[in-house]
>>> print(open('structure_31.pdb').read())   # PDB, C-alpha atoms
ATOM      1  CA  MET A   1      73.899 -24.724 -17.581
ATOM      2  CA  ILE A   2      73.844 -21.811 -20.004
ATOM      3  CA  TRP A   3      72.389 -24.080 -22.722
ATOM      4  CA  LEU A   4      69.520 -25.001 -20.396
ATOM      5  CA  GLU A   5      69.031 -21.308 -19.677
ATOM      6  CA  LEU A   6      68.860 -20.656 -23.444
ATOM      7  CA  LEU A   7      66.237 -23.399 -23.898
ATOM      8  CA  VAL A   8      64.113 -22.132 -21.001
ATOM      9  CA  CYS A   9      64.272 -18.551 -22.269
ATOM     10  CA  GLY A  10      63.384 -19.736 -25.784
ATOM     11  CA  ALA A  11      60.417 -21.753 -24.531
ATOM     12  CA  PHE A  12      59.014 -18.792 -22.576
ATOM     13  CA  LEU A  13      59.675 -16.531 -25.563
ATOM     14  CA  ILE A  14      57.739 -18.612 -28.087
ATOM     15  CA  TRP A  15      54.861 -18.987 -25.607
ATOM     16  CA  ALA A  16      54.605 -15.240 -24.893
ATOM     17  CA  ALA A  17      55.196 -14.167 -28.487
ATOM     18  CA  SER A  18      52.621 -16.631 -29.841
ATOM     19  CA  ILE A  19      49.983 -15.154 -27.520
ATOM     20  CA  LEU A  20      51.168 -11.674 -28.531
ATOM     21  CA  SER A  21      50.789 -12.535 -32.213
ATOM     22  CA  LYS A  22      47.281 -13.925 -31.701
ATOM     23  CA  TYR A  23      46.001 -10.939 -29.733
ATOM     24  CA  GLY A  24      47.704  -8.516 -32.107
ATOM     25  CA  ASP A  25      45.591 -10.174 -34.797
ATOM     26  CA  VAL A  26      42.487  -9.833 -32.570
ATOM     27  CA  ILE A  27      43.175  -6.104 -32.115
ATOM     28  CA  ALA A  28      43.553  -5.720 -35.892
ATOM     29  CA  GLU A  29      40.163  -7.420 -36.323
ATOM     30  CA  LYS A  30      38.431  -5.427 -33.562
ATOM     31  CA  THR A  31      39.572  -1.903 -34.480
ATOM     32  CA  GLY A  32      38.430  -1.829 -38.102
ATOM     33  CA  LEU A  33      40.767   1.132 -38.689
ATOM     34  CA  GLY A  34      42.990   0.446 -41.682
ATOM     35  CA  ARG A  35      42.434  -3.224 -40.942
ATOM     36  CA  ALA A  36      44.611  -4.603 -43.725
ATOM     37  CA  TRP A  37      47.603  -2.416 -42.908
ATOM     38  CA  ILE A  38      47.241  -2.912 -39.147
ATOM     39  CA  GLY A  39      47.051  -6.674 -39.583
ATOM     40  CA  ALA A  40      50.020  -6.993 -41.926
ATOM     41  CA  ILE A  41      52.337  -4.569 -40.150
ATOM     42  CA  LEU A  42      51.241  -5.444 -36.592
ATOM     43  CA  ILE A  43      51.648  -9.204 -37.016
ATOM     44  CA  ALA A  44      55.086  -8.762 -38.593
ATOM     45  CA  GLY A  45      56.032  -6.224 -35.935
ATOM     46  CA  VAL A  46      54.976  -8.177 -32.855
ATOM     47  CA  THR A  47      56.732 -11.349 -33.999
ATOM     48  CA  SER A  48      59.902  -9.240 -34.312
ATOM     49  CA  LEU A  49      59.688  -7.772 -30.786
ATOM     50  CA  PRO A  50      62.266 -10.283 -29.452
ATOM     51  CA  GLU A  51      64.840  -8.957 -31.935
ATOM     52  CA  LEU A  52      63.999  -5.391 -30.880
ATOM     53  CA  SER A  53      64.350  -5.914 -27.134
ATOM     54  CA  SER A  54      67.387  -8.202 -27.265
ATOM     55  CA  GLY A  55      69.149  -5.942 -29.781
ATOM     56  CA  VAL A  56      68.580  -2.688 -27.909
ATOM     57  CA  SER A  57      69.780  -4.247 -24.655
ATOM     58  CA  ALA A  58      72.872  -5.631 -26.442
ATOM     59  CA  VAL A  59      73.704  -2.162 -27.793
ATOM     60  CA  VAL A  60      72.872  -0.097 -24.707
ATOM     61  CA  TRP A  61      73.878  -2.306 -21.753
ATOM     62  CA  LEU A  62      76.313  -4.838 -23.165
ATOM     63  CA  ASP A  63      78.061  -2.562 -25.685
ATOM     64  CA  ALA A  64      77.797  -5.428 -28.191
ATOM     65  CA  PRO A  65      76.556  -3.973 -31.523
ATOM     66  CA  ASN A  66      77.759  -7.015 -33.484
ATOM     67  CA  LEU A  67      75.656  -9.278 -31.264
ATOM     68  CA  ALA A  68      72.588  -7.162 -32.068
ATOM     69  CA  ALA A  69      73.359  -6.953 -35.792
ATOM     70  CA  GLY A  70      74.112 -10.676 -35.981
ATOM     71  CA  ALA A  71      70.806 -11.535 -34.334
ATOM     72  CA  VAL A  72      68.868  -9.378 -36.830
ATOM     73  CA  LEU A  73      70.622 -10.652 -39.958
ATOM     74  CA  GLY A  74      70.616 -14.229 -38.702
ATOM     75  CA  SER A  75      66.884 -13.884 -38.083
ATOM     76  CA  CYS A  76      66.419 -12.696 -41.686
ATOM     77  CA  LEU A  77      68.356 -15.744 -42.929
ATOM     78  CA  PHE A  78      66.380 -18.087 -40.680
ATOM     79  CA  ASN A  79      63.043 -16.565 -41.714
ATOM     80  CA  LEU A  80      63.868 -17.200 -45.376
ATOM     81  CA  ALA A  81      64.898 -20.773 -44.564
ATOM     82  CA  LEU A  82      61.505 -21.085 -42.865
ATOM     83  CA  ILE A  83      59.949 -21.020 -46.340
ATOM     84  CA  ALA A  84      61.623 -24.392 -46.941
ATOM     85  CA  MET A  85      59.875 -25.715 -43.810
ATOM     86  CA  MET A  86      56.566 -24.311 -45.071
ATOM     87  CA  ASP A  87      57.173 -26.033 -48.404
ATOM     88  CA  LEU A  88      57.356 -29.373 -46.589
ATOM     89  CA  ALA A  89      54.270 -28.562 -44.515
ATOM     90  CA  TYR A  90      52.220 -27.548 -47.580
ATOM     91  CA  GLN A  91      51.670 -30.630 -49.715
ATOM     92  CA  PRO A  92      49.094 -29.721 -52.411
ATOM     93  CA  GLY A  93      51.946 -28.089 -54.360
ATOM     94  CA  ARG A  94      54.935 -25.748 -54.248
ATOM     95  CA  VAL A  95      54.109 -23.150 -51.605
ATOM     96  CA  LEU A  96      55.610 -20.137 -53.419
ATOM     97  CA  ALA A  97      53.766 -21.124 -56.615
ATOM     98  CA  LYS A  98      50.497 -20.567 -54.707
ATOM     99  CA  ALA A  99      51.513 -17.153 -53.301
ATOM    100  CA  GLN A 100      50.452 -13.891 -54.925
ATOM    101  CA  ASP A 101      52.714 -11.580 -56.921
ATOM    102  CA  VAL A 102      52.464  -8.814 -54.297
ATOM    103  CA  HIS A 103      55.241 -10.537 -52.334
ATOM    104  CA  ILE A 104      57.672  -9.638 -55.124
ATOM    105  CA  LEU A 105      57.385  -6.046 -53.898
ATOM    106  CA  SER A 106      58.181  -7.089 -50.321
ATOM    107  CA  GLY A 107      61.139  -9.140 -51.526
ATOM    108  CA  GLY A 108      62.456  -6.301 -53.678
ATOM    109  CA  LEU A 109      62.227  -3.853 -50.783
ATOM    110  CA  GLY A 110      64.019  -6.395 -48.581
ATOM    111  CA  ILE A 111      66.905  -6.625 -51.047
ATOM    112  CA  LEU A 112      67.126  -2.824 -51.188
ATOM    113  CA  LEU A 113      67.233  -2.459 -47.390
ATOM    114  CA  LEU A 114      69.691  -5.331 -46.971
ATOM    115  CA  GLY A 115      71.922  -3.721 -49.574
ATOM    116  CA  MET A 116      71.904  -0.524 -47.496
ATOM    117  CA  VAL A 117      72.929  -2.536 -44.426
ATOM    118  CA  ALA A 118      75.850  -4.125 -46.330
ATOM    119  CA  LEU A 119      76.821  -0.646 -47.527
ATOM    120  CA  GLY A 120      76.668   0.648 -43.958
ATOM    121  CA  VAL A 121      79.042  -2.078 -42.768
ATOM    122  CA  GLU A 122      81.539  -1.280 -45.528
ATOM    123  CA  ILE A 123      81.551   2.516 -45.168
ATOM    124  CA  GLY A 124      80.400   2.792 -41.547
ATOM    125  CA  ALA A 125      83.483   4.689 -40.409
ATOM    126  CA  ASP A 126      82.937   7.294 -43.127
ATOM    127  CA  LEU A 127      79.356   7.829 -41.940
ATOM    128  CA  ASN A 128      80.428   9.094 -38.508
ATOM    129  CA  GLY A 129      78.985  12.531 -37.974
ATOM    130  CA  VAL A 130      76.946  12.373 -41.204
ATOM    131  CA  GLY A 131      73.389  12.688 -39.966
ATOM    132  CA  PHE A 132      71.208  14.549 -37.494
ATOM    133  CA  PHE A 133      71.229  14.499 -33.673
ATOM    134  CA  GLY A 134      73.662  11.585 -33.612
ATOM    135  CA  ILE A 135      71.595   9.478 -36.031
ATOM    136  CA  SER A 136      73.291   8.364 -39.249
ATOM    137  CA  VAL A 137      71.795   9.498 -42.539
ATOM    138  CA  LEU A 138      71.711   5.803 -43.522
ATOM    139  CA  SER A 139      69.508   4.980 -40.529
ATOM    140  CA  ILE A 140      67.146   7.806 -41.457
ATOM    141  CA  ALA A 141      66.963   6.462 -45.022
ATOM    142  CA  LEU A 142      66.115   2.975 -43.692
ATOM    143  CA  VAL A 143      63.167   4.325 -41.681
ATOM    144  CA  VAL A 144      61.864   6.417 -44.587
ATOM    145  CA  LEU A 145      62.071   3.535 -47.065
ATOM    146  CA  TYR A 146      60.443   1.140 -44.574
ATOM    147  CA  ALA A 147      57.545   3.570 -44.069
ATOM    148  CA  LEU A 148      57.075   4.162 -47.806
ATOM    149  CA  GLY A 149      57.387   0.443 -48.542
ATOM    150  CA  GLY A 150      54.839  -0.460 -45.862
ATOM    151  CA  ARG A 151      52.367   1.980 -47.393
ATOM    152  CA  MET A 152      52.918   0.568 -50.886
ATOM    153  CA  ILE A 153      52.467  -3.020 -49.697
ATOM    154  CA  ALA A 154      49.331  -2.138 -47.726
ATOM    155  CA  ARG A 155      47.693  -0.502 -50.734
ATOM    156  CA  LEU A 156      48.360  -3.569 -52.877
ATOM    157  CA  GLU A 157      47.318  -6.070 -50.189
ATOM    158  CA  GLN A 158      44.255  -4.298 -48.799
ATOM    159  CA  GLN A 159      41.549  -6.504 -50.283
ATOM    160  CA  ARG A 160      43.426  -9.803 -49.805
ATOM    161  CA  MET A 161      44.456  -9.108 -46.208
ATOM    162  CA  THR A 162      40.901  -8.108 -45.288
ATOM    163  CA  GLU A 163      39.585 -11.435 -46.621
ATOM    164  CA  VAL A 164      42.300 -13.434 -44.799
ATOM    165  CA  LEU A 165      41.743 -11.657 -41.470
ATOM    166  CA  GLU A 166      37.967 -12.156 -41.709
ATOM    167  CA  GLN A 167      38.472 -15.876 -42.391
ATOM    168  CA  GLU A 168      40.892 -16.173 -39.483
ATOM    169  CA  ALA A 169      38.541 -14.233 -37.177
ATOM    170  CA  ARG A 170      35.732 -16.696 -37.929
ATOM    171  CA  GLU A 171      37.880 -19.784 -37.484
ATOM    172  CA  GLN A 172      39.514 -18.557 -34.263
ATOM    173  CA  HIS A 173      36.160 -17.297 -32.784
ATOM    174  CA  TYR A 174      37.439 -13.779 -32.151
ATOM    175  CA  GLU A 175      33.852 -12.616 -31.489
ATOM    176  CA  LYS A 176      34.134 -14.236 -28.035
ATOM    177  CA  ILE A 177      37.123 -12.040 -27.106
ATOM    178  CA  THR A 178      36.380  -8.504 -25.914
ATOM    179  CA  ALA A 179      38.544  -5.610 -27.099
ATOM    180  CA  ARG A 180      39.481  -4.779 -23.476
ATOM    181  CA  LYS A 181      40.719  -8.323 -22.862
ATOM    182  CA  ALA A 182      42.684  -8.244 -26.114
ATOM    183  CA  TYR A 183      44.449  -4.976 -25.176
ATOM    184  CA  ILE A 184      45.322  -6.160 -21.652
ATOM    185  CA  ILE A 185      46.707  -9.533 -22.768
ATOM    186  CA  PHE A 186      48.589  -7.887 -25.641
ATOM    187  CA  ILE A 187      50.285  -5.326 -23.365
ATOM    188  CA  LEU A 188      51.189  -7.893 -20.676
ATOM    189  CA  ASN A 189      52.740 -10.243 -23.214
ATOM    190  CA  ALA A 190      54.544  -7.385 -24.958
ATOM    191  CA  VAL A 191      56.195  -6.536 -21.630
ATOM    192  CA  ALA A 192      57.063 -10.220 -21.130
ATOM    193  CA  VAL A 193      58.614 -10.471 -24.605
ATOM    194  CA  VAL A 194      60.724  -7.359 -24.009
ATOM    195  CA  ALA A 195      61.972  -8.725 -20.668
ATOM    196  CA  LEU A 196      62.742 -12.120 -22.220
ATOM    197  CA  GLY A 197      64.575 -10.388 -25.068
ATOM    198  CA  ILE A 198      66.816  -8.575 -22.588
ATOM    199  CA  TRP A 199      67.500 -11.870 -20.803
ATOM    200  CA  LEU A 200      68.270 -13.488 -24.164
ATOM    201  CA  SER A 201      70.860 -10.849 -25.087
ATOM    202  CA  SER A 202      72.602 -11.446 -21.748
ATOM    203  CA  ILE A 203      72.651 -15.199 -22.467
ATOM    204  CA  GLY A 204      74.107 -14.536 -25.921
ATOM    205  CA  ASP A 205      76.875 -12.335 -24.557
ATOM    206  CA  ARG A 206      77.843 -14.958 -21.942
ATOM    207  CA  LEU A 207      77.616 -17.718 -24.556
ATOM    208  CA  SER A 208      80.104 -15.847 -26.736
ATOM    209  CA  THR A 209      82.526 -15.565 -23.809
ATOM    210  CA  ILE A 210      82.191 -19.211 -22.737
ATOM    211  CA  THR A 211      82.472 -20.766 -26.214
ATOM    212  CA  GLY A 212      85.025 -18.333 -27.634
ATOM    213  CA  LEU A 213      82.791 -17.753 -30.664
ATOM    214  CA  SER A 214      82.411 -14.243 -32.018
ATOM    215  CA  ARG A 215      79.386 -12.187 -31.034
ATOM    216  CA  SER A 216      78.389 -11.969 -34.703
ATOM    217  CA  PHE A 217      78.215 -15.769 -35.056
ATOM    218  CA  VAL A 218      76.401 -16.242 -31.732
ATOM    219  CA  GLY A 219      73.898 -13.603 -32.848
ATOM    220  CA  ASN A 220      73.483 -15.103 -36.328
ATOM    221  CA  LEU A 221      72.907 -18.647 -35.091
ATOM    222  CA  PHE A 222      71.712 -18.959 -31.494
ATOM    223  CA  LEU A 223      69.993 -15.615 -30.857
ATOM    224  CA  ALA A 224      68.531 -15.443 -34.364
ATOM    225  CA  THR A 225      67.041 -18.939 -34.135
ATOM    226  CA  THR A 226      65.546 -18.251 -30.712
ATOM    227  CA  THR A 227      64.098 -14.846 -31.595
ATOM    228  CA  SER A 228      62.608 -16.307 -34.806
ATOM    229  CA  LEU A 229      60.506 -18.876 -32.917
ATOM    230  CA  PRO A 230      57.403 -16.614 -33.071
ATOM    231  CA  GLU A 231      57.700 -16.436 -36.879
ATOM    232  CA  ILE A 232      57.781 -20.243 -37.007
ATOM    233  CA  ALA A 233      54.612 -20.535 -34.918
ATOM    234  CA  ALA A 234      52.744 -17.799 -36.812
ATOM    235  CA  SER A 235      53.741 -18.965 -40.306
ATOM    236  CA  LEU A 236      53.102 -22.685 -39.807
ATOM    237  CA  ALA A 237      49.738 -21.881 -38.196
ATOM    238  CA  ALA A 238      48.840 -19.828 -41.276
ATOM    239  CA  ILE A 239      49.889 -22.709 -43.574
ATOM    240  CA  ARG A 240      47.612 -25.085 -41.638
ATOM    241  CA  LEU A 241      44.741 -22.634 -42.205
ATOM    242  CA  GLY A 242      45.580 -22.550 -45.908
ATOM    243  CA  ALA A 243      46.477 -18.833 -45.634
ATOM    244  CA  ILE A 244      49.646 -19.083 -47.728
ATOM    245  CA  ASP A 245      49.889 -15.361 -48.439
ATOM    246  CA  LEU A 246      49.631 -14.536 -44.746
ATOM    247  CA  ALA A 247      52.503 -16.940 -44.012
ATOM    248  CA  ILE A 248      54.781 -15.634 -46.788
ATOM    249  CA  GLY A 249      53.823 -12.046 -45.942
ATOM    250  CA  ASN A 250      54.726 -12.652 -42.290
ATOM    251  CA  VAL A 251      58.207 -13.907 -43.267
ATOM    252  CA  LEU A 252      59.022 -11.109 -45.706
ATOM    253  CA  GLY A 253      57.297  -8.453 -43.569
ATOM    254  CA  SER A 254      59.222  -9.561 -40.483
ATOM    255  CA  ASN A 255      62.463  -9.271 -42.442
ATOM    256  CA  LEU A 256      61.615  -5.704 -43.465
ATOM    257  CA  PHE A 257      60.863  -4.814 -39.838
ATOM    258  CA  ASN A 258      64.050  -6.540 -38.678
ATOM    259  CA  ILE A 259      66.213  -4.535 -41.070
ATOM    260  CA  MET A 260      64.560  -1.312 -39.920
ATOM    261  CA  LEU A 261      65.734  -2.213 -36.388
ATOM    262  CA  PHE A 262      69.267  -1.166 -37.415
ATOM    263  CA  ALA A 263      68.005   2.428 -37.324
ATOM    264  CA  ILE A 264      66.616   1.913 -33.803
ATOM    265  CA  TYR A 265      69.925   0.406 -32.675
ATOM    266  CA  ASP A 266      71.695   3.461 -34.103
ATOM    267  CA  ILE A 267      69.406   5.733 -32.075
ATOM    268  CA  ALA A 268      69.907   3.613 -28.954
ATOM    269  CA  ASP A 269      73.692   3.740 -29.402
ATOM    270  CA  GLY A 270      73.572   7.527 -29.251
ATOM    271  CA  ARG A 271      77.185   8.038 -30.324
ATOM    272  CA  ALA A 272      76.869   8.168 -34.128
ATOM    273  CA  ASN A 273      79.267   5.222 -34.487
ATOM    274  CA  PHE A 274      76.948   2.191 -34.569
ATOM    275  CA  TRP A 275      77.625   1.428 -38.234
ATOM    276  CA  ALA A 276      81.373   1.829 -37.734
ATOM    277  CA  SER A 277      81.245  -0.829 -34.989
ATOM    278  CA  LEU A 278      79.965  -3.571 -37.305
ATOM    279  CA  ASN A 279      82.378  -6.127 -38.767
ATOM    280  CA  ASN A 280      82.465  -7.719 -42.224
ATOM    281  CA  THR A 281      80.742 -10.869 -40.959
ATOM    282  CA  ASN A 282      77.519  -8.858 -40.912
ATOM    283  CA  ALA A 283      78.093  -7.715 -44.490
ATOM    284  CA  PHE A 284      78.376 -11.362 -45.569
ATOM    285  CA  ALA A 285      75.140 -12.250 -43.744
ATOM    286  CA  ALA A 286      73.353  -9.310 -45.403
ATOM    287  CA  VAL A 287      74.531 -10.381 -48.865
ATOM    288  CA  MET A 288      73.422 -13.983 -48.246
ATOM    289  CA  ALA A 289      70.000 -12.749 -47.124
ATOM    290  CA  MET A 290      69.802 -10.728 -50.363
ATOM    291  CA  MET A 291      70.627 -13.837 -52.418
ATOM    292  CA  MET A 292      68.051 -15.964 -50.579
ATOM    293  CA  THR A 293      65.430 -13.253 -51.121
ATOM    294  CA  GLY A 294      66.387 -13.327 -54.793
ATOM    295  CA  VAL A 295      65.556 -17.068 -54.869
ATOM    296  CA  VAL A 296      62.126 -16.268 -53.386
ATOM    297  CA  ILE A 297      61.473 -13.592 -56.041
ATOM    298  CA  ILE A 298      62.543 -15.926 -58.883
ATOM    299  CA  SER A 299      60.275 -18.650 -57.502
ATOM    300  CA  LEU A 300      57.336 -16.238 -57.262
ATOM    301  CA  MET A 301      57.836 -15.215 -60.893
ATOM    302  CA  TYR A 302      58.674 -18.645 -62.361
ATOM    303  CA  ARG A 303      55.759 -20.819 -61.294
ATOM    304  CA  ALA A 304      56.063 -23.600 -63.877
ATOM    305  CA  SER A 305      59.041 -25.416 -62.358
ATOM    306  CA  PRO A 306      58.232 -28.991 -61.208
ATOM    307  CA  ARG A 307      58.606 -30.310 -57.687
ATOM    308  CA  LEU A 308      61.651 -32.417 -56.934
ATOM    309  CA  PRO A 309      61.257 -35.961 -55.532
ATOM    310  CA  TYR A 310      60.848 -36.498 -51.805
ATOM    311  CA  ARG A 311      58.500 -33.535 -51.180
ATOM    312  CA  PHE A 312      61.106 -30.759 -51.578
ATOM    313  CA  SER A 313      60.819 -28.107 -54.294
ATOM    314  CA  TRP A 314      63.882 -26.612 -55.959
ATOM    315  CA  ASP A 315      63.366 -23.301 -54.160
ATOM    316  CA  GLY A 316      62.948 -24.950 -50.750
ATOM    317  CA  LEU A 317      66.065 -27.020 -51.342
ATOM    318  CA  ALA A 318      68.002 -23.932 -52.464
ATOM    319  CA  LEU A 319      66.911 -21.879 -49.433
ATOM    320  CA  ALA A 320      67.755 -24.665 -46.976
ATOM    321  CA  GLY A 321      71.152 -25.229 -48.606
ATOM    322  CA  MET A 322      72.014 -21.532 -48.668
ATOM    323  CA  TYR A 323      71.091 -21.174 -45.008
ATOM    324  CA  LEU A 324      73.239 -24.116 -43.926
ATOM    325  CA  GLY A 325      76.091 -22.869 -46.116
ATOM    326  CA  SER A 326      75.801 -19.416 -44.550
ATOM    327  CA  MET A 327      76.065 -20.817 -41.034
ATOM    328  CA  ILE A 328      79.174 -22.824 -41.998
ATOM    329  CA  VAL A 329      80.885 -19.787 -43.521
ATOM    330  CA  LEU A 330      79.888 -17.564 -40.583
ATOM    331  CA  TYR A 331      81.381 -20.112 -38.191
ATOM    332  CA  TRP A 332      84.573 -20.115 -40.259
ATOM    333  CA  LEU A 333      84.677 -16.301 -40.272
ATOM    334  CA  SER A 334      84.207 -16.209 -36.498
TER     335      SER A 334
END
>>> encode(input="structure_31.pdb", output="structure tokens")
Amino acid sequence: MIWLELLVCGAFLIWAASILSKYGDVIAEKTGLGRAWIGAILIAGVTSLPELSSGVSAVVWLDAPNLAAGAVLGSCLFNLALIAMMDLAYQPGRVLAKAQDVHILSGGLGILLLGMVALGVEIGADLNGVGFFGISVLSIALVVLYALGGRMIARLEQQRMTEVLEQEAREQHYEKITARKAYIIFILNAVAVVALGIWLSSIGDRLSTITGLSRSFVGNLFLATTTSLPEIAASLAAIRLGAIDLAIGNVLGSNLFNIMLFAIYDIADGRANFWASLNNTNAFAAVMAMMMTGVVIISLMYRASPRLPYRFSWDGLALAGMYLGSMIVLYWLS
């Protein structure tokens, strides 16, 4: 019964989050205020709302920080594996070979933030009381670096993102949607996504109890896959439009936002011990996400490598293999 509940929740989640992503894009097109930054950050942010709501509810109501952390890191792993799916969907060539160099910056920032998460897991107990108003100094550093990184990416992507959003606005007929309608639908679906995220965290906690699997593994596999459904819809839709950079930017941007959620979980915990509560399984997941991001950066820089037979590129094959290997090891560690 709980598996059916998970499927139903996931189906509602991808439906609501897909609408949320579309109307977030409409709002970015309608406002005209910092359109490139709003589009890039808003799209990545709204597709990560399930991780935000499910994680906060896991920390605050279920007292399950490892469930929240596992869902975030598992989502990062799954998002990177999504590039392998995009590689299959995009047939004129290797998808990362067609992406712009600006994504190297996003990938580098992702590795830096993931490294801070792994550090937090290892020295979490020593960070107790080191911070301000119950918030760890590491969490503050994550927010600051995310803000600075977002500004750097926006400045580099401004012209490209404006062109992509204008193309998408024409193809999706955004001129027929009023700004008022866009705001109302966006807010209603944001509320729905938050409620579904809370329901999802409850399902994950019960799933851990029923199966005997650790909360970290349940978060890394089941919750992460479910909360990443909006990224799948948004990225594959962008690939179909030929907007490769929007798809890759959504994956790497969502990962940056996801990692920043650790700071929000720390605030929600309110006891200055969130990092100390995390187990080494999360450190392993963070390191694997760093390695997979490294594959993406290498592929972005080394564009001359040939495609392998049977439609898979070396980078897609590597990302898919690393993801499956991660899930096997995480199951073993659980």
>>> residues_around(input="structure_31.pdb", residues="Thr293 (chain A)", least_positions_apart="5", cutoff="12 Å", atoms="all atoms listed in the file", output="number ranges by chain")
A: 76-81, 83, 103-115, 248, 251-252, 255-256, 286-288, 298-300, 315-316, 318-319, 322-323
>>> resolve_selection(input="structure_31.pdb", expression="the PyMOL selection byres ((chain A and resi 186) around 9)", output="PyMOL selection string")
chain A and resi 19-24+27+181-185+187-191
>>> residues_near_point(input="structure_31.pdb", point="(68.3, -6.6, -35.8)", cutoff="9 Å", atoms="all atoms listed in the file", output="VMD selection string")
chain A and resid 48 51 to 52 54 to 56 68 to 76 224 257 to 262 264 to 265
>>> atom_distance(input="structure_31.pdb", atom1="CA of Leu324 (chain A)", atom2="CA of Leu207 (chain A)")
20.9 Å
>>> closest_residue(input="structure_31.pdb", among="A:Arg155, A:Glu5, A:Gly212, A:Ala247", to="Val95 (chain A)", atoms="all atoms listed in the file")
A:Ala247
>>> resolve_selection(input="structure_31.pdb", expression="the PyMOL selection byres ((chain A and resi 99) around 12)", output="NGL selection string")
:A and (83 or 87 or 90 or 93-98 or 100-104 or 160 or 239 or 242-249 or 296-297 or 299-303)
>>> closest_residue(input="structure_31.pdb", among="A:Ser235, A:Ala58, A:Leu4, A:Trp275", to="Trp199 (chain A)", atoms="only C-alpha atoms")
A:Ala58
>>> atom_distance(input="structure_31.pdb", atom1="CA of Leu82 (chain A)", atom2="CA of Asn250 (chain A)")
10.8 Å
>>> atom_distance(input="structure_31.pdb", atom1="CA of Val194 (chain A)", atom2="CA of Ser53 (chain A)")
5.0 Å
>>> closest_residue(input="structure_31.pdb", among="A:Ile123, A:Val295, A:Met1, A:Leu196", to="Ile14 (chain A)", atoms="all atoms listed in the file")
A:Leu196
>>> closest_residue(input="structure_31.pdb", among="A:Ile267, A:Met116, A:Ala276, A:Ile328", to="Leu145 (chain A)", atoms="all atoms listed in the file")
A:Met116
>>> resolve_selection(input="structure_31.pdb", expression="the PyMOL selection byres ((chain A and resi 279) around 9)", output="MDAnalysis selection string")
chainID A and resid 66 121:122 216 275:278 280:283
>>> closest_residue(input="structure_31.pdb", among="A:Trp3, A:Pro65, A:Ala141, A:Phe274", to="Gly124 (chain A)", atoms="only C-alpha atoms")
A:Phe274
>>> closest_residue(input="structure_31.pdb", among="A:Met327, A:Leu142, A:Leu62, A:Leu13", to="Ser202 (chain A)", atoms="all atoms listed in the file")
A:Leu62
